[in-house]
Amino acid sequence: MSFEVLSREFRSTVGVGGRVTALFLLAASALAAAAPAPAREGKLLLTGGVSSIDGAAGGGLTPWALTGSYASVGQFGASAYLTRLRTQDYGLTGYGVATSFDERIELSLARQDFDTGRTGTALGLPGLRLKQDIFALKLRIAGDAVLDSDTWMPQIAIGLERKRLDAGGLAPTLHALGADDRGTDVYLSATKLLLAQGVLLNTTLRATKANQNGLLGFGGTARDRYKLLPEFSVAWLLRRNLAIGAEYRFKPDNLNPSLLGNGLAEDDWKDLFIAWAPGKNLSLTLAWVDLGRIVPAVVDRHQSGAYLSAQVAF
């Protein structure tokens, strides 16, 4: 899929979701007005990462220990993002805002809207959309990615993501499978920036009960306990405003087996991405994403596709 075709799909998505567009533009305008000018002179280009699908700063699939925006020590910063992911059978639209202070604390709020496509129809719920709100907090507890770039000390942060799911007509089924509609992920991230080599390495350990990141609830009759899972990212700066990289995120499998056998099996997520920042206020991320099987009882094939995200930051 070419960048031009993906861009047209992205613009079409924004056009259809009028409320999404309005909220995004309103948030971006508000952040532009509220953010103090000195934040634009803070961190180096792309050292705040981009917005993950859950709203926290990092890669597309996993948070990093970096705080978002370009706010440095003693500064406030803010960002807003809009993301579109499309696979063979599903679509996900996400948007949100984040604020950070002193390069130490980050707060974010994100919204996800998942289109179940023909899976919803096969389940007798045509037009089913799963919607999730995510409130996240991140706190840097040690290290500084830039200042410690010539040592082995990484930047380390702890984070919390509180998630609330609106499963619509699917809610009774998820409850019958023992899945809750609210859950909390806790993670620890270590990010190492090798500035001279232009390489960033990140490892995140996440304690979670989320099924498909929470879009199918939390926990289940097969497994209803927290599982500690790793997530990895690597990024290489081709030049100061252009980076390529890859991510791998291990996932739990709480609904397998269930009343549906292995029909709700869950696979790990992975991606290859390119991020471009034409300036400090804007970044664009394009990725190929493999989400594995999603509800294989209905659609028994891997779900892979294109991911495009735009972020404004101050």
# chains A, B, ... in the order shown; residues from 1 in each chain; ligands from 1
>>> select_by_dssp(residues="region 35-220 of chain A", states="strand (DSSP E)", output="number ranges by chain")
A: 50-51, 57-58, 76-87, 91-101, 105-115, 129-142, 155-166, 182-194, 199-208
>>> residues_around(residues="region 145-149 of chain A", least_positions_apart="5", cutoff="9 Å", atoms="only C-alpha atoms", output="list in words")
Lys43, Leu44, Thr47, Ala65, Leu66, Pro154, Gln155, Ile156, Thr191, Lys192, Leu193, Leu194, Leu195 and Ala196 of chain A
>>> closest_atom_pairs(of="region 135-253 of chain A", to="region 92-98 of chain A", cutoff="10 Å", atoms="only C-alpha atoms", output="CSV")
residue,atom,partner,partner_atom,distance
A:Phe135,CA,A:Ala98,CA,9.8
A:Ala136,CA,A:Ala98,CA,9.0
A:Leu137,CA,A:Ala98,CA,9.6
>>> atom_distance(atom1="CA of Pro230 (chain A)", atom2="CA of Thr203 (chain A)")
7.0 Å
>>> closest_residue(among="A:Thr173, A:Gln88, A:Ser189, A:Gln75", to="Gly217 (chain A)", atoms="only C-alpha atoms")
A:Thr173
>>> residues_around(residues="region 289-299 of chain A", least_positions_apart="5", cutoff="6 Å", atoms="only C-alpha atoms", output="compact mmCIF listing (two decimals) with all heavy atoms, in the first residue's frame")
# COMPACT_ATOMS: atom_id res chain seq x y z
N GLY A 263 -11.44 -20.18 20.25
CA GLY A 263 -11.98 -19.19 19.34
C GLY A 263 -11.67 -17.76 19.71
O GLY A 263 -11.93 -16.85 18.92
N LEU A 264 -11.10 -17.54 20.92
CA LEU A 264 -10.71 -16.19 21.33
C LEU A 264 -9.21 -16.13 21.62
O LEU A 264 -8.76 -15.32 22.43
CB LEU A 264 -11.51 -15.76 22.55
CG LEU A 264 -13.01 -15.58 22.33
CD1 LEU A 264 -13.73 -15.28 23.65
CD2 LEU A 264 -13.28 -14.46 21.34
N ASP A 267 -2.74 -13.43 20.01
CA ASP A 267 -1.34 -13.52 19.58
C ASP A 267 -0.59 -12.25 19.94
O ASP A 267 -1.19 -11.21 20.24
CB ASP A 267 -1.26 -13.75 18.07
CG ASP A 267 -1.82 -15.10 17.66
OD1 ASP A 267 -1.68 -16.06 18.44
OD2 ASP A 267 -2.42 -15.20 16.57
N TRP A 269 1.77 -8.88 19.29
CA TRP A 269 1.72 -7.80 18.30
C TRP A 269 3.14 -7.41 17.90
O TRP A 269 4.07 -7.48 18.70
CB TRP A 269 1.02 -6.57 18.88
CG TRP A 269 -0.45 -6.72 19.06
CD1 TRP A 269 -1.22 -7.80 18.73
CD2 TRP A 269 -1.34 -5.75 19.63
NE1 TRP A 269 -2.54 -7.57 19.05
CE2 TRP A 269 -2.64 -6.31 19.60
CE3 TRP A 269 -1.17 -4.47 20.15
CZ2 TRP A 269 -3.76 -5.63 20.08
CZ3 TRP A 269 -2.28 -3.80 20.62
CH2 TRP A 269 -3.56 -4.37 20.59
N LYS A 270 3.29 -6.96 16.65
CA LYS A 270 4.58 -6.51 16.16
C LYS A 270 4.40 -5.47 15.06
O LYS A 270 3.34 -5.43 14.41
CB LYS A 270 5.43 -7.68 15.66
CG LYS A 270 4.74 -8.52 14.60
CD LYS A 270 5.48 -9.83 14.32
CE LYS A 270 5.12 -10.93 15.26
NZ LYS A 270 3.78 -11.47 15.14
N ASP A 271 5.41 -4.63 14.85
CA ASP A 271 5.32 -3.65 13.77
C ASP A 271 6.70 -3.24 13.28
O ASP A 271 7.72 -3.48 13.93
CB ASP A 271 4.51 -2.42 14.20
CG ASP A 271 5.25 -1.49 15.17
OD1 ASP A 271 6.46 -1.67 15.38
OD2 ASP A 271 4.62 -0.58 15.73
N SER A 304 -3.08 -8.16 9.64
CA SER A 304 -1.97 -7.24 9.43
C SER A 304 -2.44 -6.10 8.56
O SER A 304 -3.41 -6.24 7.80
CB SER A 304 -0.78 -7.95 8.78
OG SER A 304 -1.15 -8.47 7.51
N GLY A 305 -1.78 -4.99 8.65
CA GLY A 305 -2.21 -3.86 7.85
C GLY A 305 -1.42 -2.60 8.13
O GLY A 305 -0.32 -2.64 8.70
>>> closest_residue(among="A:Asn281, A:Ser72, A:Gln132, A:Gln197", to="Asp115 (chain A)", atoms="only C-alpha atoms")
A:Gln132
>>> select_by_dssp(residues="region 145-189 of chain A", states="helix (DSSP H, G or I)", output="PyMOL selection string")
chain A and resi 168-176
>>> residues_around(residues="Glu103 (chain A)", least_positions_apart="2", cutoff="9 Å", atoms="only C-alpha atoms", output="ChimeraX atom specification")
/A:66-77,100-101,105-106,140
>>> write_last_selection(atoms="C-alpha atoms", output="PDB file, in the first residue's frame")
ATOM      1  CA  LEU A  66      10.505   9.185  27.747  1.00  0.00           C
ATOM      2  CA  THR A  67       7.904  11.832  28.523  1.00  0.00           C
ATOM      3  CA  GLY A  68       5.973  13.280  25.608  1.00  0.00           C
ATOM      4  CA  SER A  69       6.136  16.748  24.076  1.00  0.00           C
ATOM      5  CA  TYR A  70       9.270  18.895  23.956  1.00  0.00           C
ATOM      6  CA  ALA A  71       9.081  20.188  27.518  1.00  0.00           C
ATOM      7  CA  SER A  72      12.411  20.011  29.302  1.00  0.00           C
ATOM      8  CA  VAL A  73      13.374  20.627  32.941  1.00  0.00           C
ATOM      9  CA  GLY A  74      11.069  23.203  34.531  1.00  0.00           C
ATOM     10  CA  GLN A  75       8.735  23.372  31.519  1.00  0.00           C
ATOM     11  CA  PHE A  76       5.196  22.292  30.679  1.00  0.00           C
ATOM     12  CA  GLY A  77       4.474  20.632  27.357  1.00  0.00           C
ATOM     13  CA  SER A 100       4.025  16.643  30.682  1.00  0.00           C
ATOM     14  CA  PHE A 101       5.986  18.661  33.213  1.00  0.00           C
ATOM     15  CA  ILE A 105       5.563  13.508  34.841  1.00  0.00           C
ATOM     16  CA  GLU A 106       3.201  12.710  31.982  1.00  0.00           C
ATOM     17  CA  ARG A 140      10.339   9.136  35.418  1.00  0.00           C
TER      18      ARG A 140
END
>>> residues_around(residues="Gly49 (chain A)", least_positions_apart="3", cutoff="6 Å", atoms="only C-alpha atoms", output="JSON, numbers by chain")
{"A": [46, 57, 58]}
>>> write_last_selection(atoms="N, CA and C atoms", output="CSV table (one decimal), in the first residue's frame")
chain,number,residue,atom,x,y,z
A,46,LEU,N,12.4,14.5,18.1
A,46,LEU,CA,11.9,13.0,18.2
A,46,LEU,C,12.3,12.4,19.5
A,57,ALA,N,3.5,8.5,25.6
A,57,ALA,CA,4.6,8.7,24.7
A,57,ALA,C,5.5,7.4,24.6
A,58,GLY,N,5.9,7.1,23.3
A,58,GLY,CA,6.7,5.9,23.1
A,58,GLY,C,6.7,5.6,21.6
